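Just below is one structure, and these are the notes that go with it.
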Amino acid sequence: MARVLKKARLNTKDESVGVELRSTVSQILLDVEKRGDDAVRDWSIKFDRFERQSYRLEGAEIRRCIESLTPRAVADIEFAQEQVANFARAQRATMSELRVETLPGVILGHKHIPIGNVGCYVPGGKYPLLASAHMSVLTAKVAGCDRVITCAPPYLGEPARAIVAAQAMAGADEIYVMGGVQGIAAMAIGTQTIQPVDMLVGPGNAYVAEAKRQLFGRVGIDLFAGPTETLVIADDSVDGELCATDLLGQAEHGPNSPAVLLTTSEKLAADTAREIERLLEILPTAAIARRAWEDYGEIILCADNEDMLAEADRIASEHVQIMTADNDFFVQRMQNYGAMFIGPRTNVAFGDKVIGTNHTLPTNRAARYTGGLWVGKFLKTCTFQEVVTDQASAMVGAYASRLCHLEGFVGHAEQANIRVRRYGRRNIPYGGIVEPDPASAPAEPE
């Protein structure tokens with residue numbers, strides 16, 4: 001039986017989106033739909049304190065952003081993007097197209113078709129999260145999307161140079177300096193100067209998440225992303241410093257980022273708690289990380305690996321770091337997680353920034369039913385069917401006719417009947433039911 005040694009004071013699941021926030025988002029979306037570019041400018045001035053004639057960056061300005069970075073920074077971005085692209089290409093290669101003859105003369109299959117227009121939101125108001133450009137823009141380009149545009153808020157009163165560089169280097173076709181709901185609205189709804197997209201991807205704050213929720217259906221989305229979550233599963237094979245570092249490393253994302261330790265070791269639990277307090281005295285982002293740890297951090301002591309597994313699947317965390325003497329026990333059995341980081345040599349920061357897997361992942365227990373952003377999210381799997389012989393058309397038509405009548409769809413049945421008449425040479429009255437023909441149809445199921 002699991003025992004909570006350090007309990008969260010607050011619960012992110014209790015933080016329902018307030019009426020005022022929903023209303024504000026709705027107001028901005030409607031305003032952008034009505035006034036277009038003028039509305040985008042007004043809201044950008046109000047929320048981002050950023051005004052310019054056009055919020056789209058052109059070539060010279062993009063080049064200046066790239067040139068403002070050190071050669072080492074550019075090389076590091078190139079390295080990270082190469083890893084993301086390599087993994088996305090490997091994922092794409094697993095997605096085979098299909099063409100199969102399921103019955104004599106009946107051909108079924110599917111094709112993977114890239115989404116035509118994609119809008120990528122790259123958060124950057126608090127931190128310039130340039131890694132989100134790799135994860136969204138580059139992955140969409142590997143999928144084969146024709147037009148990929150981006151929005152990111154300004155940083156310290158100007159275009160976020162590292163984000164702009166990452167967007168451009170990833171292959172973005174249009175780059176806009178717009179944050180928040182107005183950026184999401186401009187991409188999804190369109191304006192006088194921005195062609196609307198078919199799909200929105202990328203994380204953001206509560207306003208961005210609510211805007212995506214309200215626009216879902218009008219456009220596709222990747223997923224609803226909430227505050228960053230991390231879960232560390234550990235035993236005596238590692239020490240408290242390692243666990244504390246990995247917990248606080250994600251807690252610094254924001255004051256409502258849950259960080260949870262599951263362990264079978266009471267000693268490791270105590271050591272981790274002590275190390276967290278020590279590190280919070282020296283961590284430059286301690287003001288944020290401390291609030292997150294105090295309000296949403298937990299340490300849960302479990303009886304054994306089975307107990308930790310049950311707790312981990314219940315929590316269904318965005319990130320799961322496994323550092324135990326038997327990592328494979330969890331790798332083979334765990335079902336609910338966004339991304340898994342196996343062993344002490346890896347960590348969530350690797351996945352967030354550089355190793356190649358995508359960092360846009362499900363939160364708020366959505367890992368129970370979905371994975372994160374990947375190349376397949378930018379592809380529509382569309383089926384096709386073809387009947388190539390008269391015999392097959394008549395045979396399938398007979399079954400279809402009877403099944404349509406079971407549902408009361410006489411018009412549907414007649415679509416089948418006309419094929420039976422033409423290709424099976426059988427005299428079926430309009431709207432009639434095709435009875436089995438033992439001479440030409442397969443044996444009836446018993």
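Scheme for the structure tokens: letters A, B, ... for chains in order shown; per-chain residue numbers from 1; ligand numbers from 1 in order shown.
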Could you give me, as a tab-separated table (two decimals) with N, CA, C and O atoms, in the first residue's frame, the residues within 10 Å of Thr363 of chain A, counting only C-alpha atoms and dropping anything in the same chain fewer than 4 positions from it?
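The result, stored in result.tsv:
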```tsv
chain	number	residue	atom	x	y	z
A	223	LEU	N	-2.92	18.38	-29.10
A	223	LEU	CA	-3.47	17.93	-27.82
A	223	LEU	C	-3.63	19.15	-26.92
A	223	LEU	O	-3.18	20.24	-27.25
A	224	PHE	N	-4.31	18.95	-25.79
A	224	PHE	CA	-4.46	20.03	-24.81
A	224	PHE	C	-3.32	19.89	-23.80
A	224	PHE	O	-3.29	18.93	-23.03
A	225	ALA	N	-2.41	20.83	-23.82
A	225	ALA	CA	-1.23	20.74	-22.96
A	225	ALA	C	-1.38	21.65	-21.75
A	225	ALA	O	-1.63	22.84	-21.88
A	226	GLY	N	-1.25	21.07	-20.56
A	226	GLY	CA	-1.29	21.84	-19.32
A	226	GLY	C	0.10	22.02	-18.75
A	226	GLY	O	1.10	21.86	-19.47
A	227	PRO	N	0.21	22.34	-17.47
A	227	PRO	CA	1.53	22.52	-16.85
A	227	PRO	C	2.39	21.26	-16.96
A	227	PRO	O	1.88	20.14	-16.90
A	228	THR	N	3.68	21.47	-17.10
A	228	THR	CA	4.63	20.36	-17.19
A	228	THR	C	4.56	19.48	-15.95
A	228	THR	O	4.45	19.97	-14.83
A	229	GLU	N	4.62	18.16	-16.17
A	229	GLU	CA	4.58	17.18	-15.07
A	229	GLU	C	5.79	16.26	-15.17
A	229	GLU	O	6.21	15.90	-16.27
A	230	THR	N	6.31	15.86	-14.01
A	230	THR	CA	7.36	14.85	-14.03
A	230	THR	C	7.16	13.86	-12.88
A	230	THR	O	6.71	14.24	-11.79
A	316	ALA	N	-0.35	8.73	-14.37
A	316	ALA	CA	-0.32	8.96	-15.82
A	316	ALA	C	0.41	10.26	-16.16
A	316	ALA	O	-0.12	11.14	-16.82
A	317	SER	N	1.64	10.35	-15.72
A	317	SER	CA	2.41	11.59	-15.85
A	317	SER	C	2.87	11.84	-17.28
A	317	SER	O	3.06	10.92	-18.09
A	318	GLU	N	3.09	13.13	-17.56
A	318	GLU	CA	3.65	13.53	-18.86
A	318	GLU	C	5.04	12.92	-19.06
A	318	GLU	O	5.33	12.32	-20.09
A	319	HIS	N	5.93	13.12	-18.09
A	319	HIS	CA	7.29	12.58	-18.13
A	319	HIS	C	7.45	11.54	-17.03
A	319	HIS	O	7.04	11.79	-15.88
A	337	TYR	N	1.73	6.92	-19.77
A	337	TYR	CA	2.79	7.93	-19.66
A	337	TYR	C	2.92	8.65	-21.00
A	337	TYR	O	2.54	8.13	-22.05
A	338	GLY	N	3.45	9.88	-20.93
A	338	GLY	CA	3.67	10.63	-22.16
A	338	GLY	C	4.97	10.23	-22.82
A	338	GLY	O	5.02	9.90	-24.00
A	367	ALA	N	-2.46	10.99	-20.76
A	367	ALA	CA	-1.65	9.85	-21.19
A	367	ALA	C	-2.40	8.53	-21.07
A	367	ALA	O	-1.95	7.51	-21.60
A	368	ARG	N	-3.54	8.54	-20.41
A	368	ARG	CA	-4.38	7.34	-20.37
A	368	ARG	C	-4.93	6.99	-21.74
A	368	ARG	O	-5.26	5.84	-22.02
A	370	THR	N	-3.86	8.99	-24.95
A	370	THR	CA	-3.14	9.51	-26.11
A	370	THR	C	-1.65	9.60	-25.83
A	370	THR	O	-1.23	9.70	-24.68
A	371	GLY	N	-0.88	9.56	-26.91
A	371	GLY	CA	0.53	9.85	-26.82
A	371	GLY	C	0.76	11.31	-27.16
A	371	GLY	O	-0.17	12.11	-27.24
A	372	GLY	N	2.01	11.67	-27.40
A	372	GLY	CA	2.35	13.05	-27.67
A	372	GLY	C	2.43	13.36	-29.16
A	372	GLY	O	2.02	12.56	-30.01
```
Worksheet item: Any idea what's packed within 9 Å of segment 182-199 of chain A, counting only C-alpha atoms, ignoring anything in its chain fewer than 6 positions away? Could you give it as a ChimeraX atom specification?
Response: /A:25,28-30,32-33,35-41,43-44,115-121,147-153,176,208,211-212,215-216,218-222,378
Worksheet item: Using only C-alpha atoms, which of A:Lys353, A:Ala270, A:Gly105, A:Arg290 sits nearest Glu82 of chain A?
Response: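 With only C-alpha atoms as the atom set, the closest residue is A:Lys353.
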Using only C-alpha atoms, what does the table of segment 17-131 of chain A residues within 8 Å of segment 392-411 of chain A look like, with each row giving the shortest atom pair and its distance in Å to one decimal, sorted by chain and ascending number, as JSON lines?
```
{"residue": "A:Leu103", "atom": "CA", "partner": "A:Ala392", "partner_atom": "CA", "distance": 7.8}
{"residue": "A:Pro104", "atom": "CA", "partner": "A:Ala392", "partner_atom": "CA", "distance": 6.6}
{"residue": "A:Gly105", "atom": "CA", "partner": "A:Ala392", "partner_atom": "CA", "distance": 5.4}
{"residue": "A:Val106", "atom": "CA", "partner": "A:Ala392", "partner_atom": "CA", "distance": 6.5}
```
Discussion item. Quick one: residues within 10 Å of Ala160 of chain A, only C-alpha atoms, excluding same-chain residues fewer than 2 positions away - as a PyMOL selection string?
Written reply: chain A and resi 65+124-125+127-130+152-158+162-165+177
Write out the residues from the selection above, keeping N, CA and C atoms, as an mmCIF file, in the first residue's frame.
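File written: out_18.cif
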```
data_model
loop_
_atom_site.group_PDB
_atom_site.id
_atom_site.type_symbol
_atom_site.label_atom_id
_atom_site.label_comp_id
_atom_site.auth_asym_id
_atom_site.auth_seq_id
_atom_site.Cartn_x
_atom_site.Cartn_y
_atom_site.Cartn_z
ATOM 1 N N CYS A 65 18.604 37.863 -36.981
ATOM 2 C CA CYS A 65 18.413 37.064 -35.759
ATOM 3 C C CYS A 65 19.396 35.902 -35.720
ATOM 4 N N GLY A 124 7.215 31.657 -25.521
ATOM 5 C CA GLY A 124 8.479 32.334 -25.276
ATOM 6 C C GLY A 124 8.371 33.591 -24.453
ATOM 7 N N GLY A 125 7.240 33.794 -23.779
ATOM 8 C CA GLY A 125 7.100 34.999 -22.975
ATOM 9 C C GLY A 125 7.971 34.988 -21.732
ATOM 10 N N TYR A 127 10.367 32.148 -20.908
ATOM 11 C CA TYR A 127 11.646 31.634 -21.389
ATOM 12 C C TYR A 127 11.555 31.514 -22.918
ATOM 13 N N PRO A 128 12.619 31.808 -23.639
ATOM 14 C CA PRO A 128 12.586 31.622 -25.100
ATOM 15 C C PRO A 128 12.730 30.136 -25.445
ATOM 16 N N LEU A 129 11.612 29.420 -25.499
ATOM 17 C CA LEU A 129 11.625 27.965 -25.630
ATOM 18 C C LEU A 129 11.821 27.552 -27.088
ATOM 19 N N LEU A 130 13.021 27.777 -27.594
ATOM 20 C CA LEU A 130 13.293 27.514 -28.999
ATOM 21 C C LEU A 130 13.150 26.037 -29.357
ATOM 22 N N ALA A 152 5.345 33.201 -32.283
ATOM 23 C CA ALA A 152 5.989 33.210 -30.971
ATOM 24 C C ALA A 152 5.920 34.627 -30.445
ATOM 25 N N PRO A 153 5.715 34.795 -29.155
ATOM 26 C CA PRO A 153 5.655 36.148 -28.597
ATOM 27 C C PRO A 153 7.025 36.812 -28.613
ATOM 28 N N PRO A 154 7.051 38.129 -28.527
ATOM 29 C CA PRO A 154 8.343 38.813 -28.394
ATOM 30 C C PRO A 154 8.969 38.477 -27.044
ATOM 31 N N TYR A 155 10.278 38.646 -26.965
ATOM 32 C CA TYR A 155 11.004 38.400 -25.721
ATOM 33 C C TYR A 155 11.807 39.650 -25.395
ATOM 34 N N LEU A 156 11.528 40.235 -24.248
ATOM 35 C CA LEU A 156 12.183 41.472 -23.825
ATOM 36 C C LEU A 156 12.017 42.582 -24.860
ATOM 37 N N GLY A 157 10.802 42.658 -25.437
ATOM 38 C CA GLY A 157 10.458 43.761 -26.309
ATOM 39 C C GLY A 157 10.905 43.659 -27.747
ATOM 40 N N GLU A 158 11.399 42.497 -28.167
ATOM 41 C CA GLU A 158 11.811 42.332 -29.555
ATOM 42 C C GLU A 158 11.598 40.884 -29.959
ATOM 43 N N ALA A 162 16.669 33.697 -30.668
ATOM 44 C CA ALA A 162 16.962 32.262 -30.729
ATOM 45 C C ALA A 162 15.768 31.488 -31.268
ATOM 46 N N ILE A 163 14.554 31.903 -30.887
ATOM 47 C CA ILE A 163 13.354 31.243 -31.405
ATOM 48 C C ILE A 163 13.229 31.474 -32.904
ATOM 49 N N VAL A 164 13.425 32.718 -33.336
ATOM 50 C CA VAL A 164 13.342 33.027 -34.764
ATOM 51 C C VAL A 164 14.350 32.190 -35.541
ATOM 52 N N ALA A 165 15.578 32.111 -35.025
ATOM 53 C CA ALA A 165 16.607 31.317 -35.697
ATOM 54 C C ALA A 165 16.190 29.857 -35.797
ATOM 55 N N VAL A 177 5.683 37.362 -35.163
ATOM 56 C CA VAL A 177 5.986 37.689 -33.774
ATOM 57 C C VAL A 177 4.676 38.081 -33.103
#
```
